[in-house]
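For reference, the structure is listed below as C-alpha cells.
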Amino acid sequence: MSRLYVGRLPRDVRERDLERLFKGYGQIRDICLRPGFGFVEFRDRRDAEDVMHDFNNREFMGERLMIEPARVDRRRDRDDRRDGRRDDRDDRRRGGPGSGPTRTPFRVLIENLSSSVSWQ
C-alpha cells in the first residue's frame, strides 16, 4: 500500500504543490492528478502510511483532504512487474486523451441473432 488516493483536492492544484506538502515524508515515486482528486505513490509503504495518518482531514489550499489507500489496479501491477517502466499505453488505460472506451458495470444482452450475422 504505497499508493494513496488523495481526494477533495482543489481544482487548481499542481504536482509541485503535493510534492511540497508531502516533503519530508519519503521519496515520491509518482503523482497522477485528476480534477478534484489524485494518486500519490511513495517508494516505501511506511511513508505512505505516515502521510495517510498525518494528512487525512487536514486543510490544504482551502479544502479538507481525504487520504486513503488506493484500490489495487491489477493491470498496473502486471505492467509494473513486466519491466518497471511506464509507456504511452499506460496513459490510455488511465483515461488520458484518446483513451477509448471505459469499462462500466453495464452490459448489453443480445438475443435471437442469426448465426450468419456478426455482432462484433
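By order in the C-alpha cells, chains are A, B, ...; within a chain, residues start at 1; ligands start at 1, following the order shown.
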Skip segment 41-49 of chain A itself and residues of its chain fewer than 4 positions away, then list as a list in words all residues within 7 Å of it, counting only C-alpha atoms.
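Counting only C-alpha atoms, the residues come to Met1, Ser2, Arg3, Leu4, Tyr25, Gly26, Gln27, Ile28, Arg29, Asp30, Ile31 and His53 of chain A.
Going from atom CA of Leu33 of chain A over to atom CA of Asp50 of chain A, you cover 20.5 Å.
For Ile67 of chain A, the set of protein, DNA and RNA residues having any atom at most 9 Å away, when counting only C-alpha atoms and skipping those fewer than 2 positions along the same chain, is A:Leu4, A:Tyr5, A:Val6, A:Gly7, A:Arg8, A:Val51, A:Met52, A:His53, A:Phe55, A:Asn56, A:Asn57, A:Leu65, A:Pro69, A:Ala70.
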Atom CA of Gly24 of chain A to atom CA of Phe39 of chain A, straight-line distance in Å
17.8 Å
A straight line from atom CA of Glu63 of chain A to atom CA of Cys32 of chain A spans 18.5 Å
Close residues, Pro35 of chain A itself excluded, 10 Å, only C-alpha atoms, min 4 positions apart in chain, as an MDAnalysis selection string:
chainID A and resid 7:13
